[in-house]
Amino acid sequence: MIINARLLVIAVAVTAAFLSSSSSLRRGDDGRAVLEIRDLELIPVDGGAAGPESVAFGAGGEGPYAGVSDGRVIRWLPEERRWVDHSSAAAPELLDGCRGSQDPMKEHNCGRPLGLKFNNKTGELYVADAYFGLRVVSPEDNVSRPLGRQHAGSPFSFANGVEIDHETGVVYFTETSTRFPRREFLNIVVSGDATGRLLKYDPSNNEVEVLVDGLAFPNGILMSEDRSHLLVAETTTGKIHKYWLKTPKASTLEELVQLPGFPDNIKASPRGGFWVGLHGKRGKIAEWSTTYPWLRRLVMKLPPRRVQRIMAFLSRFGRHVIALRDCYKDTMISSFTRKTWAAFLASSSPGRSDVRAAVVVIRYVELIPVDGGAAGPESVAFGTGGKRSYTGVSDGRVIRWLPKERRWAEHSSASMLEL
């Protein structure tokens, strides 16, 4: 069942929210608040690498840790304001040749760490590496070791998201595709490939079990607070699924919500709901490839990098969605990760590799209620000085926020009736 009535959506435009003082926000019709981001910090990833896919924190709040394009997992030292190497899946003799690489053709040698998750009891870091499978790093090590690398003689070709049951030590992870490697991820979407799987690794017997197969680009994964189910992002379809671990529904999969874009990571918080990072809004190539088989065949013959450039060009004509918050009335799971680090990756415009290679920090977020009984602020605009913010609400008014007075004032209306 799809939950619509309780769905709360906040969509943030990449360019507006990260690269300028303007921002664009969306919420469901039942929402009554404007999201105001006052302090946002972009921390560049040094050493030439890019693309931090996910962030994780140690049991004591250490970090964050992030996996980057040259195969390293790096750790942030906040007091020293710098990144240090934590671990790598690559052989030691390959490290120098991999360091700083952004070349997808090196990923099969250097590795590409995606999902990260700490076992709070043991201090071990579990890593879903797109080329080397499920791996773990002990606290005293700096090279990860493989876990359950094969299932029924078949190597894991594209491990992606990872989650841990801290009570049992069981690890759940997604395999995005058994057909395409990570560097050809666009082909998974365009072709409609549905060879993805949800898997379970039991450290007590070192065995891997397939829980669900036939998924279309399974990605981020999150366990509910009561450990009754998992949430799984299916990127190609734009859906979040719920896989039941307990209750009479155990071992069944059901659709929870349909999103407007391509979901990636899912992160939880005690406040309720959950945050989903969106790679972007469903683009024209994905839409047309589904409708026109001849176009799908044509796109599949193009080099992946060319497809990426075409998609980037077409995406300029739409809105880039980077974060989405959903609330539903079952177990509440939500928001930002520990210490309010945002668990999604900022995209960048052409030529802005410094932004692409950054983890986003939001230190202060304020929800400002809309008074007067109105609801549903659709968009936010700022004056030329960047200090005046305006939004349109459900009763037809455009209202203006007065920060010094901490209140809203009416700006205008299209209605011919007397306000």
# chains A, B, ... in the order shown; residues from 1 in each chain; ligands from 1
$ select_by_dssp --residues "stretch 126-257 of chain A" --states "alpha helix (DSSP H)" --output "number ranges by chain"
A: 185-191
$ write_last_selection --atoms "all heavy atoms" --output "PDB file, in the first residue's frame"
ATOM      1  N   PHE A 185      26.184   2.150 -14.473  1.00  0.00           N
ATOM      2  CA  PHE A 185      24.936   2.212 -13.716  1.00  0.00           C
ATOM      3  C   PHE A 185      23.792   2.817 -14.518  1.00  0.00           C
ATOM      4  O   PHE A 185      22.621   2.473 -14.313  1.00  0.00           O
ATOM      5  CB  PHE A 185      25.142   2.989 -12.411  1.00  0.00           C
ATOM      6  CG  PHE A 185      25.342   4.470 -12.587  1.00  0.00           C
ATOM      7  CD1 PHE A 185      24.264   5.345 -12.519  1.00  0.00           C
ATOM      8  CD2 PHE A 185      26.598   4.999 -12.796  1.00  0.00           C
ATOM      9  CE1 PHE A 185      24.435   6.705 -12.662  1.00  0.00           C
ATOM     10  CE2 PHE A 185      26.792   6.365 -12.948  1.00  0.00           C
ATOM     11  CZ  PHE A 185      25.709   7.224 -12.874  1.00  0.00           C
ATOM     12  N   LEU A 186      24.103   3.725 -15.452  1.00  0.00           N
ATOM     13  CA  LEU A 186      23.035   4.324 -16.258  1.00  0.00           C
ATOM     14  C   LEU A 186      22.347   3.275 -17.132  1.00  0.00           C
ATOM     15  O   LEU A 186      21.144   3.371 -17.388  1.00  0.00           O
ATOM     16  CB  LEU A 186      23.593   5.448 -17.129  1.00  0.00           C
ATOM     17  CG  LEU A 186      24.014   6.714 -16.376  1.00  0.00           C
ATOM     18  CD1 LEU A 186      24.678   7.687 -17.326  1.00  0.00           C
ATOM     19  CD2 LEU A 186      22.823   7.353 -15.694  1.00  0.00           C
ATOM     20  N   ASN A 187      23.100   2.280 -17.573  1.00  0.00           N
ATOM     21  CA  ASN A 187      22.507   1.223 -18.387  1.00  0.00           C
ATOM     22  C   ASN A 187      21.492   0.399 -17.592  1.00  0.00           C
ATOM     23  O   ASN A 187      20.563  -0.173 -18.165  1.00  0.00           O
ATOM     24  CB  ASN A 187      23.592   0.301 -18.950  1.00  0.00           C
ATOM     25  CG  ASN A 187      24.375   0.944 -20.078  1.00  0.00           C
ATOM     26  OD1 ASN A 187      23.914   1.909 -20.677  1.00  0.00           O
ATOM     27  ND2 ASN A 187      25.559   0.425 -20.351  1.00  0.00           N
ATOM     28  N   ILE A 188      21.686   0.322 -16.289  1.00  0.00           N
ATOM     29  CA  ILE A 188      20.723  -0.398 -15.459  1.00  0.00           C
ATOM     30  C   ILE A 188      19.365   0.290 -15.516  1.00  0.00           C
ATOM     31  O   ILE A 188      18.317  -0.356 -15.659  1.00  0.00           O
ATOM     32  CB  ILE A 188      21.217  -0.472 -13.999  1.00  0.00           C
ATOM     33  CG1 ILE A 188      22.580  -1.161 -13.928  1.00  0.00           C
ATOM     34  CG2 ILE A 188      20.201  -1.186 -13.112  1.00  0.00           C
ATOM     35  CD1 ILE A 188      23.190  -1.154 -12.533  1.00  0.00           C
ATOM     36  N   VAL A 189      19.383   1.616 -15.435  1.00  0.00           N
ATOM     37  CA  VAL A 189      18.134   2.384 -15.478  1.00  0.00           C
ATOM     38  C   VAL A 189      17.524   2.348 -16.871  1.00  0.00           C
ATOM     39  O   VAL A 189      16.327   2.074 -17.035  1.00  0.00           O
ATOM     40  CB  VAL A 189      18.395   3.847 -15.047  1.00  0.00           C
ATOM     41  CG1 VAL A 189      17.113   4.670 -15.147  1.00  0.00           C
ATOM     42  CG2 VAL A 189      18.948   3.892 -13.630  1.00  0.00           C
ATOM     43  N   VAL A 190      18.358   2.615 -17.863  1.00  0.00           N
ATOM     44  CA  VAL A 190      17.853   2.712 -19.233  1.00  0.00           C
ATOM     45  C   VAL A 190      17.300   1.385 -19.734  1.00  0.00           C
ATOM     46  O   VAL A 190      16.262   1.325 -20.403  1.00  0.00           O
ATOM     47  CB  VAL A 190      18.969   3.221 -20.171  1.00  0.00           C
ATOM     48  CG1 VAL A 190      18.519   3.152 -21.627  1.00  0.00           C
ATOM     49  CG2 VAL A 190      19.349   4.653 -19.811  1.00  0.00           C
ATOM     50  N   SER A 191      17.989   0.295 -19.410  1.00  0.00           N
ATOM     51  CA  SER A 191      17.577  -1.021 -19.905  1.00  0.00           C
ATOM     52  C   SER A 191      16.416  -1.617 -19.121  1.00  0.00           C
ATOM     53  O   SER A 191      15.792  -2.587 -19.561  1.00  0.00           O
ATOM     54  CB  SER A 191      18.763  -1.999 -19.845  1.00  0.00           C
ATOM     55  OG  SER A 191      19.107  -2.291 -18.500  1.00  0.00           O
TER      56      SER A 191
END
$ residues_around --residues "stretch 62-74 of chain A" --least-positions-apart "5" --cutoff "7 Å" --atoms "only C-alpha atoms" --output "ChimeraX atom specification"
/A:49-57,83-89,98-102,110-114
$ atom_distance --atom1 "atom CA of A:Glu225" --atom2 "atom CA of A:Ala268"
8.9 Å
$ atom_distance --atom1 "atom CA of A:Val170" --atom2 "atom CA of A:Leu134"
12.6 Å
$ residues_around --residues "A:Ala409" --least-positions-apart "4" --cutoff "7 Å" --atoms "only C-alpha atoms" --output "ChimeraX atom specification"
/A:399-401
$ write_last_selection --atoms "C-alpha atoms" --output "compact mmCIF listing (two decimals), in the first residue's frame"
# COMPACT_ATOMS: atom_id res chain seq x y z
CA ILE A 399 3.63 36.25 2.14
CA ARG A 400 6.94 37.73 3.19
CA TRP A 401 9.10 36.76 6.17
$ closest_atom_pairs --of "stretch 101-148 of chain A" --to "stretch 155-169 of chain A" --cutoff "6 Å" --atoms "only C-alpha atoms" --output "CSV"
residue,atom,partner,partner_atom,distance
A:Leu114,CA,A:Asn160,CA,5.6
A:Gly115,CA,A:Gly161,CA,4.5
A:Ala128,CA,A:Ala159,CA,5.2
A:Asp129,CA,A:Ala159,CA,5.6
A:Ala130,CA,A:Phe158,CA,4.3
A:Tyr131,CA,A:Phe158,CA,6.0
A:Gly133,CA,A:Ala159,CA,5.3
$ closest_residue --among "A:Asn142, A:Ile266, A:Leu77, A:Leu298" --to "A:Leu95" --atoms "only C-alpha atoms"
A:Asn142
